[in-house]
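Shown below: final13.cif, with mmCIF, C-alpha atoms and all ligand atoms.
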data_data
loop_
_atom_site.label_atom_id
_atom_site.label_comp_id
_atom_site.auth_asym_id
_atom_site.auth_seq_id
_atom_site.Cartn_x
_atom_site.Cartn_y
_atom_site.Cartn_z
CA MET A 20 -142.59 -52.62 1.78
CA ALA A 21 -142.01 -53.99 5.26
CA GLU A 22 -138.63 -55.30 6.30
CA SER A 23 -138.27 -59.03 5.71
CA LYS A 24 -138.44 -61.05 8.91
CA ASP A 25 -135.92 -63.73 9.80
CA TYR A 26 -138.22 -66.67 10.62
CA TYR A 27 -135.28 -68.94 11.39
CA SER A 28 -133.88 -66.72 14.07
CA ILE A 29 -137.38 -66.09 15.45
CA LEU A 30 -137.59 -69.83 16.07
CA GLY A 31 -133.92 -70.02 17.02
CA VAL A 32 -133.14 -72.70 14.43
CA SER A 33 -130.65 -72.92 11.58
CA LYS A 34 -131.51 -72.59 7.88
CA ASP A 35 -131.23 -76.37 7.44
CA ALA A 36 -133.49 -77.26 10.38
CA THR A 37 -135.59 -80.40 9.88
CA ALA A 38 -139.35 -80.57 10.38
CA ASP A 39 -138.74 -82.10 13.81
CA ASP A 40 -136.30 -79.36 14.77
CA LEU A 41 -138.86 -76.77 13.81
CA LYS A 42 -141.61 -78.48 15.74
CA ARG A 43 -139.50 -78.76 18.87
CA ALA A 44 -138.33 -75.17 18.69
CA TYR A 45 -141.85 -73.96 18.02
CA ARG A 46 -143.40 -75.89 20.87
CA LYS A 47 -140.80 -74.71 23.29
CA LEU A 48 -141.24 -71.07 22.33
CA ALA A 49 -145.01 -71.26 22.10
CA LYS A 50 -145.07 -72.71 25.60
CA GLN A 51 -142.77 -70.01 26.88
CA TYR A 52 -144.65 -67.13 25.30
CA HIS A 53 -148.12 -68.52 25.66
CA PRO A 54 -150.28 -65.69 26.99
CA ASP A 55 -151.64 -67.96 29.71
CA ALA A 56 -148.14 -68.53 31.04
CA GLN A 57 -147.55 -64.84 31.77
CA HIS A 58 -147.93 -63.34 35.21
CA THR A 59 -148.58 -59.65 34.57
CA GLU A 60 -150.57 -57.68 32.05
CA GLU A 61 -147.37 -56.16 30.72
CA ASP A 62 -145.73 -59.56 30.27
CA LYS A 63 -148.90 -60.74 28.57
CA LYS A 64 -148.80 -57.91 26.06
CA ASN A 65 -145.15 -58.48 25.23
CA ALA A 66 -145.64 -62.21 25.03
CA GLU A 67 -148.63 -61.91 22.71
CA ALA A 68 -146.62 -60.05 20.07
CA LYS A 69 -143.84 -62.59 20.36
CA PHE A 70 -146.33 -65.42 20.29
CA LYS A 71 -147.86 -64.17 17.03
CA GLU A 72 -144.42 -63.83 15.51
CA ILE A 73 -143.53 -67.40 16.51
CA ASN A 74 -146.74 -68.73 15.01
CA GLU A 75 -146.20 -66.79 11.81
CA ALA A 76 -142.66 -68.14 11.50
CA TYR A 77 -143.75 -71.70 12.18
CA SER A 78 -146.75 -71.64 9.85
CA VAL A 79 -144.44 -70.66 7.00
CA LEU A 80 -141.43 -72.84 7.76
CA SER A 81 -143.50 -75.95 8.54
CA ASP A 82 -145.07 -75.78 5.08
CA ASP A 83 -142.60 -77.02 2.45
CA ASN A 84 -143.96 -74.81 -0.32
CA LYS A 85 -144.11 -71.70 1.76
CA ARG A 86 -140.69 -72.41 3.17
CA ALA A 87 -139.16 -72.75 -0.28
CA GLN A 88 -140.67 -69.47 -1.36
CA TYR A 89 -139.61 -67.81 1.85
CA ASP A 90 -136.04 -69.04 1.42
CA ARG A 91 -135.92 -67.41 -2.00
CA PHE A 92 -137.86 -64.23 -1.44
CA GLY A 93 -138.14 -63.58 2.29
CA SER A 94 -141.26 -62.89 4.33
CA ASN A 95 -142.54 -60.27 1.90
CA PHE A 96 -142.91 -62.77 -0.93
CA GLU A 97 -146.66 -62.39 -1.07
CA GLN A 98 -146.13 -58.75 -1.93
CA ALA A 99 -143.67 -59.74 -4.62
CA GLY A 100 -146.56 -61.41 -6.38
CA PHE A 101 -145.82 -65.05 -5.57
CA GLY A 102 -147.92 -66.09 -2.64
CA GLY A 103 -151.25 -64.43 -3.05
CA GLY A 104 -153.09 -65.94 -0.16
CA TYR A 105 -150.28 -66.02 2.39
CA GLY A 106 -151.38 -62.90 4.15
CA GLY A 107 -153.03 -64.99 6.81
CA PHE A 108 -149.89 -66.16 8.57
CA ASN A 109 -150.90 -64.30 11.68
CA GLY A 110 -153.45 -66.16 13.65
CA GLY A 111 -154.92 -69.39 12.44
CA ALA A 112 -154.95 -72.60 14.40
CA TYR A 113 -152.09 -72.88 16.86
CA ASP A 114 -150.64 -76.23 17.49
CA PHE A 115 -151.00 -76.66 21.22
CA SER A 116 -151.39 -80.40 21.23
CA GLY A 117 -149.16 -81.96 23.78
CA PHE A 118 -148.18 -79.06 25.94
CA GLY A 119 -151.38 -77.98 27.61
CA GLY A 120 -150.35 -78.43 31.19
CA MET A 121 -147.81 -81.12 30.46
CA ASP A 122 -144.97 -81.72 32.82
CA ILE A 123 -142.28 -82.73 30.37
CA ASP A 124 -139.77 -79.98 30.07
CA LEU A 125 -139.04 -79.68 26.39
CA GLU A 126 -136.04 -77.60 27.22
CA ASP A 127 -134.43 -80.48 29.09
CA ILE A 128 -134.91 -82.69 26.07
CA LEU A 129 -133.52 -80.07 23.72
CA GLY A 130 -130.70 -79.32 26.11
CA SER A 131 -129.60 -82.93 26.16
CA VAL A 132 -129.67 -83.23 22.37
CA PHE A 133 -128.11 -79.90 21.51
CA GLY A 134 -125.82 -79.48 24.48
CA GLY A 135 -127.81 -76.70 26.06
CA GLY A 136 -127.40 -74.42 23.08
CA PHE A 137 -131.07 -73.58 23.08
CA SER A 138 -131.55 -72.87 26.70
CA SER A 139 -129.94 -69.46 26.79
CA ALA A 140 -132.33 -68.27 24.11
CA LYS A 141 -135.10 -68.24 26.65
CA LYS A 142 -133.43 -65.72 28.92
CA ALA A 143 -135.85 -62.88 29.43
CA GLN A 144 -134.67 -59.69 27.89
CA GLY A 145 -137.05 -57.27 29.54
CA PRO A 146 -138.47 -57.12 33.03
CA SER A 147 -139.23 -60.53 34.45
CA ARG A 148 -141.20 -61.68 37.42
CA GLY A 149 -139.29 -63.13 40.37
CA ALA A 150 -139.67 -66.81 41.16
CA ASP A 151 -142.20 -68.12 43.66
CA ILE A 152 -140.74 -69.60 46.82
CA LYS A 153 -142.12 -72.58 48.72
CA THR A 154 -141.37 -73.26 52.34
CA THR A 155 -142.94 -75.26 55.17
CA VAL A 156 -143.83 -74.36 58.71
CA SER A 157 -144.39 -76.83 61.56
CA LEU A 158 -147.49 -76.34 63.67
CA LYS A 159 -148.93 -77.95 66.75
CA PHE A 160 -152.39 -79.44 66.28
CA GLU A 161 -153.99 -76.66 68.32
CA GLU A 162 -152.07 -73.93 66.45
CA ALA A 163 -153.59 -75.11 63.18
CA ALA A 164 -157.02 -75.35 64.82
CA PHE A 165 -157.11 -71.90 66.38
CA GLY A 166 -154.61 -69.97 64.23
CA VAL A 167 -151.27 -68.51 65.30
CA LYS A 168 -148.68 -65.92 64.37
CA LYS A 169 -145.36 -67.49 63.37
CA ASP A 170 -141.96 -66.21 62.38
CA ILE A 171 -140.43 -68.04 59.46
CA ASN A 172 -137.00 -67.65 57.89
CA VAL A 173 -136.79 -67.28 54.14
CA THR A 174 -133.70 -66.89 51.98
CA ARG A 175 -134.60 -65.10 48.78
CA ASN A 176 -133.39 -62.82 46.02
CA GLU A 177 -133.84 -59.18 46.85
CA LYS A 178 -133.19 -56.03 44.91
CA CYS A 179 -129.66 -54.80 45.65
CA ASP A 180 -130.02 -51.68 47.80
CA SER A 181 -126.58 -50.42 46.80
CA CYS A 182 -127.53 -49.88 43.13
CA ASN A 183 -131.32 -50.02 43.57
CA GLY A 184 -131.43 -53.07 41.31
CA SER A 185 -129.78 -51.45 38.30
CA GLY A 186 -126.55 -53.44 38.67
CA ALA A 187 -124.53 -50.33 37.84
CA LYS A 188 -122.02 -48.70 40.14
CA ALA A 189 -122.92 -45.09 40.95
CA GLY A 190 -121.96 -42.89 37.98
CA SER A 191 -121.28 -45.87 35.71
CA LYS A 192 -122.29 -45.64 32.06
CA ILE A 193 -124.30 -48.09 29.99
CA ILE A 194 -122.28 -49.16 26.95
CA THR A 195 -122.79 -51.34 23.89
CA CYS A 196 -122.15 -55.04 24.53
CA ASP A 197 -118.81 -56.04 23.03
CA LYS A 198 -119.69 -59.72 22.71
CA CYS A 199 -122.60 -59.26 20.30
CA GLY A 200 -121.80 -55.76 19.10
CA GLY A 201 -125.16 -54.54 20.39
CA ARG A 202 -127.23 -56.98 18.36
CA GLY A 203 -128.24 -59.01 21.42
CA LYS A 204 -127.75 -62.24 19.48
CA VAL A 205 -124.74 -64.39 18.69
CA GLN A 206 -124.28 -67.18 16.17
CA VAL A 207 -123.12 -70.45 17.65
CA THR A 208 -122.01 -73.53 15.75
CA GLN A 209 -122.09 -76.76 17.67
CA ASN A 210 -121.03 -80.26 16.82
CA THR A 211 -123.68 -82.66 17.98
CA ILE A 212 -124.59 -86.27 17.39
CA MET A 213 -126.89 -84.96 14.69
CA GLY A 214 -124.08 -83.14 12.92
CA ALA A 215 -122.84 -79.56 12.98
CA PHE A 216 -125.59 -77.26 14.08
CA SER A 217 -125.58 -73.55 13.70
CA THR A 218 -127.96 -71.53 15.82
CA VAL A 219 -128.56 -67.92 16.62
CA LYS A 220 -128.92 -67.48 20.32
CA THR A 221 -129.41 -64.70 22.79
CA CYS A 222 -126.14 -63.10 23.85
CA ASP A 223 -125.40 -64.31 27.38
CA LYS A 224 -123.31 -61.29 28.26
CA CYS A 225 -126.09 -58.73 27.81
CA SER A 226 -129.06 -61.14 28.00
CA GLY A 227 -130.13 -59.91 24.58
CA SER A 228 -130.40 -56.24 25.47
CA GLY A 229 -127.28 -55.33 23.46
CA LYS A 230 -126.15 -53.14 26.33
CA VAL A 231 -123.92 -53.76 29.32
CA ILE A 232 -122.90 -51.79 32.36
CA GLU A 233 -119.41 -50.32 32.16
CA THR A 234 -118.67 -50.65 35.89
CA PRO A 235 -120.88 -53.14 37.73
CA CYS A 236 -122.08 -52.55 41.26
CA GLU A 237 -119.64 -54.22 43.64
CA LYS A 238 -122.20 -55.46 46.09
CA CYS A 239 -124.23 -57.50 43.58
CA THR A 240 -121.52 -57.86 40.87
CA GLY A 241 -123.86 -56.20 38.39
CA LYS A 242 -126.79 -58.57 38.83
CA GLY A 243 -128.94 -56.02 40.64
CA ILE A 244 -130.01 -58.85 42.94
CA VAL A 245 -128.60 -60.12 46.23
CA ARG A 246 -129.42 -63.17 48.38
CA LYS A 247 -130.90 -62.25 51.74
CA SER A 248 -132.22 -64.12 54.73
CA ARG A 249 -135.39 -62.64 56.11
CA LYS A 250 -137.56 -63.30 59.10
CA ILE A 251 -141.19 -62.96 58.04
CA GLU A 252 -144.17 -63.02 60.36
CA ILE A 253 -147.07 -65.02 59.02
CA ASN A 254 -150.64 -65.21 60.23
CA VAL A 255 -151.76 -68.82 60.18
CA PRO A 256 -155.56 -68.78 59.90
CA ALA A 257 -157.68 -70.88 62.27
CA GLY A 258 -158.87 -74.14 60.75
CA ILE A 259 -155.99 -74.75 58.35
CA ASP A 260 -155.07 -78.40 57.85
CA ASP A 261 -151.91 -80.39 57.26
CA GLY A 262 -150.63 -79.94 53.69
CA GLN A 263 -152.56 -76.75 53.02
CA ALA A 264 -150.66 -73.59 52.15
CA ILE A 265 -151.01 -69.87 52.54
CA SER A 266 -149.63 -67.47 49.95
CA LEU A 267 -147.98 -64.15 50.59
CA ARG A 268 -148.07 -61.97 47.50
CA GLY A 269 -144.82 -60.36 46.51
CA GLU A 270 -142.78 -62.07 49.26
CA GLY A 271 -140.96 -64.39 46.83
CA ASP A 272 -137.84 -63.63 44.80
CA ALA A 273 -137.44 -60.07 43.56
CA GLY A 274 -138.29 -59.45 39.92
CA LYS A 275 -135.58 -58.47 37.45
CA LYS A 276 -135.35 -55.11 35.72
CA GLY A 277 -138.39 -53.75 37.47
CA GLY A 278 -140.47 -56.91 37.08
CA PRO A 279 -142.81 -57.83 39.94
CA ASN A 280 -141.76 -60.03 42.84
CA GLY A 281 -142.75 -63.68 43.01
CA ASP A 282 -144.99 -64.99 45.77
CA LEU A 283 -144.18 -66.94 48.90
CA TYR A 284 -146.09 -70.15 49.60
CA VAL A 285 -145.98 -71.52 53.12
CA ILE A 286 -147.08 -75.13 53.44
CA MET A 287 -148.43 -76.31 56.78
CA LYS A 288 -147.00 -79.35 58.50
CA VAL A 289 -149.36 -80.11 61.36
CA ALA A 290 -148.31 -82.44 64.19
CA PRO A 291 -150.75 -85.13 65.33
CA HIS A 292 -152.68 -84.69 68.58
CA LYS A 293 -152.22 -87.03 71.49
CA TYR A 294 -155.96 -87.79 71.73
CA PHE A 295 -157.69 -86.47 68.66
CA LYS A 296 -157.82 -87.53 65.06
CA ARG A 297 -158.85 -84.85 62.60
CA ASN A 298 -161.22 -85.46 59.73
CA GLY A 299 -161.97 -82.20 57.93
CA TYR A 300 -163.29 -79.95 60.67
CA ASP A 301 -164.45 -82.83 62.87
CA ILE A 302 -162.28 -84.44 65.51
CA SER A 303 -162.65 -87.81 67.16
CA ALA A 304 -161.25 -89.58 70.21
CA ASN A 305 -161.73 -92.69 72.32
CA VAL A 306 -162.71 -92.30 75.95
CA ARG A 307 -162.36 -95.04 78.56
CA VAL A 308 -165.23 -95.21 81.03
CA PRO A 309 -165.30 -97.39 84.15
CA PHE A 310 -167.56 -100.40 83.85
CA ALA A 311 -169.85 -99.30 86.68
CA LYS A 312 -170.36 -95.86 85.13
CA MET A 313 -171.29 -97.45 81.82
CA ALA A 314 -173.90 -99.56 83.59
CA LEU A 315 -175.27 -96.79 85.81
CA GLY A 316 -174.91 -93.84 83.48
CA GLY A 317 -173.99 -90.32 84.61
CA ASP A 318 -171.46 -87.57 84.00
CA ILE A 319 -168.08 -88.45 82.57
CA LYS A 320 -165.14 -86.19 81.71
CA ILE A 321 -164.20 -86.00 78.06
CA PRO A 322 -161.21 -84.22 76.51
CA THR A 323 -161.81 -81.17 74.30
CA LEU A 324 -159.40 -79.04 72.27
CA GLU A 325 -159.48 -76.42 75.03
CA GLY A 326 -159.29 -78.83 77.99
CA GLU A 327 -162.12 -81.05 79.14
CA MET A 328 -165.86 -80.99 79.69
CA GLU A 329 -168.54 -83.06 81.36
CA PHE A 330 -170.82 -85.21 79.30
CA ASN A 331 -173.78 -87.23 80.50
CA ILE A 332 -173.98 -90.79 79.24
CA PRO A 333 -177.19 -92.80 79.64
CA GLU A 334 -177.66 -95.85 81.82
CA GLY A 335 -176.63 -99.08 80.13
CA THR A 336 -174.15 -97.56 77.66
CA THR A 337 -172.28 -100.29 75.81
CA SER A 338 -168.67 -100.29 74.76
CA GLY A 339 -168.21 -98.82 71.25
CA THR A 340 -171.09 -96.36 71.51
CA LYS A 341 -170.37 -93.07 69.71
CA PHE A 342 -171.43 -89.69 71.01
CA ARG A 343 -171.31 -86.36 69.26
CA VAL A 344 -170.75 -82.95 70.79
CA LYS A 345 -171.62 -80.17 68.36
CA GLU A 346 -169.29 -77.24 67.75
CA GLN A 347 -166.38 -78.69 69.71
CA GLY A 348 -164.30 -79.52 66.65
CA ILE A 349 -162.00 -77.37 64.48
CA PRO A 350 -163.05 -73.79 63.63
CA ILE A 351 -164.08 -73.51 59.96
CA LEU A 352 -161.28 -71.95 57.87
CA ASN A 353 -162.32 -68.46 56.73
CA GLY A 354 -165.81 -69.17 57.95
CA ARG A 355 -168.08 -69.36 60.96
CA GLY A 356 -168.70 -72.08 63.45
CA ARG A 357 -166.80 -75.25 64.22
CA GLY A 358 -166.87 -78.90 63.34
CA ASN A 359 -168.03 -81.53 65.83
CA LEU A 360 -166.31 -83.65 68.43
CA GLU A 361 -167.12 -87.32 68.23
CA PHE A 362 -166.04 -89.76 70.89
CA THR A 363 -166.35 -93.48 71.31
CA VAL A 364 -166.62 -94.98 74.78
CA ASP A 365 -164.62 -98.07 75.68
CA VAL A 366 -165.30 -99.95 78.87
CA ASP A 367 -162.45 -99.65 81.33
CA VAL A 368 -162.16 -103.05 82.95
CA PRO A 369 -159.97 -103.01 86.05
CA LYS A 370 -156.95 -105.25 85.69
CA LYS A 371 -156.51 -105.76 89.40
CA LEU A 372 -159.18 -106.12 92.04
CA THR A 373 -158.93 -106.08 95.80
CA ASP A 374 -160.42 -109.04 97.67
CA LYS A 375 -163.28 -106.82 98.75
CA GLN A 376 -164.01 -105.70 95.17
CA ARG A 377 -163.86 -109.25 93.91
CA GLU A 378 -166.33 -110.31 96.58
CA ILE A 379 -168.76 -107.53 95.67
CA LEU A 380 -168.50 -108.20 91.97
CA THR A 381 -169.10 -111.88 92.49
CA GLU A 382 -172.17 -111.11 94.54
CA PHE A 383 -173.27 -108.71 91.84
CA ALA A 384 -172.83 -111.32 89.10
CA LYS A 385 -174.85 -113.83 91.09
CA THR A 386 -177.83 -111.47 90.98
CA PHE A 387 -177.92 -112.13 87.22
CA GLY A 388 -177.75 -115.87 87.77
CA GLU A 389 -174.25 -116.04 86.34
CA GLU A 390 -171.82 -118.61 87.58
CA VAL A 391 -168.60 -116.91 88.30
CA ASN A 392 -165.50 -118.39 89.83
CA PRO A 393 -162.78 -115.76 89.78
CA LYS A 394 -160.07 -118.19 90.97
CA LYS A 395 -160.76 -120.69 88.20
CA ARG A 396 -160.81 -117.88 85.67
CA ASN A 397 -157.28 -117.03 86.68
CA ILE A 398 -156.18 -120.55 85.81
CA PHE A 399 -158.01 -120.94 82.53
CA GLY A 400 -157.87 -117.35 81.41
CA ARG A 401 -154.27 -117.51 80.21
ZN ZN A 501 -125.99 -53.71 43.20
ZN ZN A 502 -124.44 -58.91 23.98
#
Taking this structure as input, can you express it in the form of structure tokens?
Amino acid sequence: MAESKDYYSILGVSKDATADDLKRAYRKLAKQYHPDAQHTEEDKKNAEAKFKEINEAYSVLSDDNKRAQYDRFGSNFEQAGFGGGYGGFNGGAYDFSGFGGMDIDLEDILGSVFGGGFSSAKKAQGPSRGADIKTTVSLKFEEAAFGVKKDINVTRNEKCDSCNGSGAKAGSKIITCDKCGGRGKVQVTQNTIMGAFSTVKTCDKCSGSGKVIETPCEKCTGKGIVRKSRKIEINVPAGIDDGQAISLRGEGDAGKKGGPNGDLYVIMKVAPHKYFKRNGYDISANVRVPFAKMALGGDIKIPTLEGEMEFNIPEGTTSGTKFRVKEQGIPILNGRGRGNLEFTVDVDVPKKLTDKQREILTEFAKTFGEEVNPKKRNIFGR
């Protein structure tokens, strides 16, 4: 006959937990140990076993009849001839409603009600993956367009090189935790607004392992982890845009107890360009063209990302006309080719004219039969 399981301590609740207490505890744990929330295959395996156990405990305790029988006879009651059909506690429909991708942190809610008594129960006991780190890097418009190598500074958790992450001073022994007597769990009674509440929680001294280091490493005070500032060179790929990020695998916080490192995410902050607006891989600008050139047509100089180029506009171009130059935009990220450059011409009307210019322009206007009196215009044009 298998050893009877303690469903209450599996869910981290007391023997007199209400249906709501059970539901909260279950949801929190199911979220934590959900296979989809794990980062490595090893974590996934460990979490799956735990996840099944949590579901088994909840399916029994959430059912009043099963719970009553369990309280009297333990988890082996079906073998004692009472339950019959209770062998199916493993599996079945899991209650995931409400926490598929939700942002509400159940732990915060529980923490505020129970004074944080639950939160230490989630401390990982085995190897755990290091946290991901997010940082930003500032880029010039052209750096984002054509790519660049950048040095960034990151402060992160790294494995202590003095003890190689073990947390133990050289030659130090591993001994049984005196706080929990090696059980890894401690019973805590708390007075809350909902009355006295007794819970079994993970021992904070040994993080549930039941073992502690006799003499901790001095450099990391036994944590096996130290904070370090690092300069990391990143390769910003050509074509990246403002707000996009690149990820560097394993460059985040160090994992604990041999767990894998987290990742580093670098978010791009791209400065605007003095001429160009970016829209995807296309860029656009306004170009001012002298009035005479608009009328006569011919080559004009237009700005490009690399400098400038000549572009031929036709005779009689009007203000507001758009032109497109292919492949003069932003290089396609992780691809081939470039976006386009689009520019809009605006007529550049001279603000001041010499007497000679005014005379010529007046003569010119007369050829169209227009009546122009520049002096009068100065008076009424205000
Ligand atoms: Zn150390
Ligand atoms: Zn302990």
Could you list the protein, DNA and RNA residues that have any atom within 7 Å of ligand ZN 502 (chain A), counting all atoms listed in the file, and write them as a PyMOL selection string? chain A and resi 196-204+222-230
Given all atoms listed in the file as the counted atoms, nearest of A:Cys182, A:Leu80, A:Ala384, A:Ala66 to ligand ZN 501 (chain A):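 So, comparing all the options, the nearest one is A:Cys182.
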Counting all atoms listed in the file, the residue of A:Thr221, A:Thr155, A:Ser191, A:Asn74 that sits nearest Val205 in chain A: A:Thr221
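For ligand ZN 501 (chain A), the protein and nucleic acid residues at most 9 Å away, judged by all atoms listed in the file, amount to Lys178, Cys179, Asp180, Ser181, Cys182, Asn183, Gly184, Ser185, Gly186, Ala187, Lys188, Pro235, Cys236, Glu237, Lys238, Cys239, Thr240, Gly241, Lys242, Gly243, Ile244 and Val245 of chain A.
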Closest of A:Val231, A:Thr340, A:Asp62, A:Asp374 to Thr195 in chain A - atom-to-atom distances counting only C-alpha atoms: A:Val231
Just the residues within 9 Å of His58 in chain A, please, counting all atoms listed in the file, with nothing from its chain fewer than 4 positions along; format it as a count of residues only. 5
Box centre and edge lengths (Å, one decimal), axis-aligned, range 293-306 of chain A plus 6 Å each side, as lines of an AutoDock Vina configuration file:
center_x = -158.3
center_y = -86.3
center_z = 66.9
size_x = 24.2
size_y = 24.7
size_z = 30.0
What is the distance between CA of Arg355 in chain A and CA of Phe165 in chain A, in Å to one decimal?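 Atom-to-atom, CA of Arg355 in chain A to CA of Phe165 in chain A, that is 12.5 Å.
With only C-alpha atoms as the atoms that count, the residue of A:Val32, A:Val167, A:Leu283, A:Ile251 with the shortest distance to Ile265 in chain A is A:Leu283.
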So, counting all atoms listed in the file, which residue among A:Ala38, A:Phe216, A:Ala264, A:Arg246 is closest to Asp83 in chain A?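 So, comparing all the options, the nearest one is A:Ala38.
If only C-alpha atoms are the atoms counted, then among A:Gln209, A:Asn353, A:Ser147, A:Asn298 the closest residue to Glu61 in chain A is A:Ser147.
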Separation of CA of Tyr300 in chain A from CA of Ser157 in chain A, in Å and rounded to one decimal: 19.2 Å
List the neighbours of Gly358 in chain A out to 6 Å using only C-alpha atoms; skip same-chain residues closer than 3 positions along the sequence, and give me the result as a PyMOL selection string. chain A and resi 300-301+346+348-349
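Near Thr37 in chain A, within a cut-off of 12 Å and counting all atoms listed in the file, sit the residues Tyr27, Val32, Ser33, Leu41, Lys42, Arg43, Ala44, Leu80, Ser81, Asp82, Asp83, Arg86, Met213 and Phe216 of chain A, with same-chain residues fewer than 4 positions away left out.
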Within 9 Å of (-170.6, -82.1, 83.7) (file coordinates; all atoms listed in the file), which protein or nucleic acid residues are there? I'd like them as JSON, numbers by chain. {"A": [317, 318, 319, 320, 328, 329, 330, 331]}
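By only C-alpha atoms, and with residues fewer than 4 positions from Asp90 in chain A along its chain excluded, the set lying at most 12 Å from it is A:Ser23, A:Lys24, A:Asp25, A:Tyr26, A:Tyr27, A:Lys34, A:Asp35, A:Val79, A:Leu80, A:Asp82, A:Asp83, A:Asn84, A:Lys85, A:Arg86, A:Ser94, A:Asn95, A:Phe96.
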Contact residues around range 159-164 of chain A with all atoms listed in the file at 8 Å, ignoring same-chain residues under 5 positions, as a VMD selection string: chain A and resid 255 to 260 289 to 292 324 349 to 350
Report the distance between CA of Gly190 in chain A and CA of Asn280 in chain A in Å, rounded to one decimal place. 26.6 Å
Return range 258-276 of chain A, completed with N, CA and C atoms, as a PDB file, in the coordinates of the input.
ATOM      1  N   GLY A 258    -158.179 -73.131  61.555  1.00  0.00           N
ATOM      2  CA  GLY A 258    -158.870 -74.140  60.750  1.00  0.00           C
ATOM      3  C   GLY A 258    -158.036 -74.743  59.642  1.00  0.00           C
ATOM      4  N   ILE A 259    -156.824 -74.227  59.449  1.00  0.00           N
ATOM      5  CA  ILE A 259    -155.990 -74.750  58.350  1.00  0.00           C
ATOM      6  C   ILE A 259    -155.577 -76.195  58.677  1.00  0.00           C
ATOM      7  N   ASP A 260    -155.363 -76.981  57.635  1.00  0.00           N
ATOM      8  CA  ASP A 260    -155.070 -78.400  57.850  1.00  0.00           C
ATOM      9  C   ASP A 260    -153.690 -78.759  57.307  1.00  0.00           C
ATOM     10  N   ASP A 261    -153.209 -79.897  57.712  1.00  0.00           N
ATOM     11  CA  ASP A 261    -151.910 -80.390  57.260  1.00  0.00           C
ATOM     12  C   ASP A 261    -151.872 -80.425  55.724  1.00  0.00           C
ATOM     13  N   GLY A 262    -150.793 -79.902  55.138  1.00  0.00           N
ATOM     14  CA  GLY A 262    -150.630 -79.940  53.690  1.00  0.00           C
ATOM     15  C   GLY A 262    -151.206 -78.733  52.966  1.00  0.00           C
ATOM     16  N   GLN A 263    -152.032 -77.962  53.645  1.00  0.00           N
ATOM     17  CA  GLN A 263    -152.560 -76.750  53.020  1.00  0.00           C
ATOM     18  C   GLN A 263    -151.506 -75.638  53.085  1.00  0.00           C
ATOM     19  N   ALA A 264    -151.661 -74.650  52.227  1.00  0.00           N
ATOM     20  CA  ALA A 264    -150.660 -73.590  52.150  1.00  0.00           C
ATOM     21  C   ALA A 264    -151.309 -72.227  52.201  1.00  0.00           C
ATOM     22  N   ILE A 265    -150.562 -71.250  52.679  1.00  0.00           N
ATOM     23  CA  ILE A 265    -151.010 -69.870  52.540  1.00  0.00           C
ATOM     24  C   ILE A 265    -150.027 -69.168  51.613  1.00  0.00           C
ATOM     25  N   SER A 266    -150.519 -68.179  50.867  1.00  0.00           N
ATOM     26  CA  SER A 266    -149.630 -67.470  49.950  1.00  0.00           C
ATOM     27  C   SER A 266    -149.476 -66.032  50.398  1.00  0.00           C
ATOM     28  N   LEU A 267    -148.258 -65.540  50.262  1.00  0.00           N
ATOM     29  CA  LEU A 267    -147.980 -64.150  50.590  1.00  0.00           C
ATOM     30  C   LEU A 267    -147.502 -63.472  49.308  1.00  0.00           C
ATOM     31  N   ARG A 268    -148.352 -62.637  48.780  1.00  0.00           N
ATOM     32  CA  ARG A 268    -148.070 -61.970  47.500  1.00  0.00           C
ATOM     33  C   ARG A 268    -146.854 -61.092  47.594  1.00  0.00           C
ATOM     34  N   GLY A 269    -145.970 -61.252  46.617  1.00  0.00           N
ATOM     35  CA  GLY A 269    -144.820 -60.360  46.510  1.00  0.00           C
ATOM     36  C   GLY A 269    -143.700 -60.655  47.488  1.00  0.00           C
ATOM     37  N   GLU A 270    -143.831 -61.735  48.286  1.00  0.00           N
ATOM     38  CA  GLU A 270    -142.780 -62.070  49.260  1.00  0.00           C
ATOM     39  C   GLU A 270    -141.820 -63.131  48.726  1.00  0.00           C
ATOM     40  N   GLY A 271    -141.902 -63.440  47.434  1.00  0.00           N
ATOM     41  CA  GLY A 271    -140.960 -64.390  46.830  1.00  0.00           C
ATOM     42  C   GLY A 271    -139.711 -63.665  46.343  1.00  0.00           C
ATOM     43  N   ASP A 272    -139.045 -64.243  45.363  1.00  0.00           N
ATOM     44  CA  ASP A 272    -137.840 -63.630  44.800  1.00  0.00           C
ATOM     45  C   ASP A 272    -138.189 -62.297  44.124  1.00  0.00           C
ATOM     46  N   ALA A 273    -137.247 -61.368  44.210  1.00  0.00           N
ATOM     47  CA  ALA A 273    -137.440 -60.070  43.560  1.00  0.00           C
ATOM     48  C   ALA A 273    -137.466 -60.242  42.048  1.00  0.00           C
ATOM     49  N   GLY A 274    -138.262 -59.429  41.372  1.00  0.00           N
ATOM     50  CA  GLY A 274    -138.290 -59.450  39.920  1.00  0.00           C
ATOM     51  C   GLY A 274    -137.015 -58.805  39.369  1.00  0.00           C
ATOM     52  N   LYS A 275    -136.760 -59.073  38.074  1.00  0.00           N
ATOM     53  CA  LYS A 275    -135.580 -58.470  37.450  1.00  0.00           C
ATOM     54  C   LYS A 275    -135.980 -57.288  36.585  1.00  0.00           C
ATOM     55  N   LYS A 276    -135.141 -56.304  36.558  1.00  0.00           N
ATOM     56  CA  LYS A 276    -135.350 -55.110  35.720  1.00  0.00           C
ATOM     57  C   LYS A 276    -136.732 -54.508  35.929  1.00  0.00           C
TER      58      LYS A 276
END
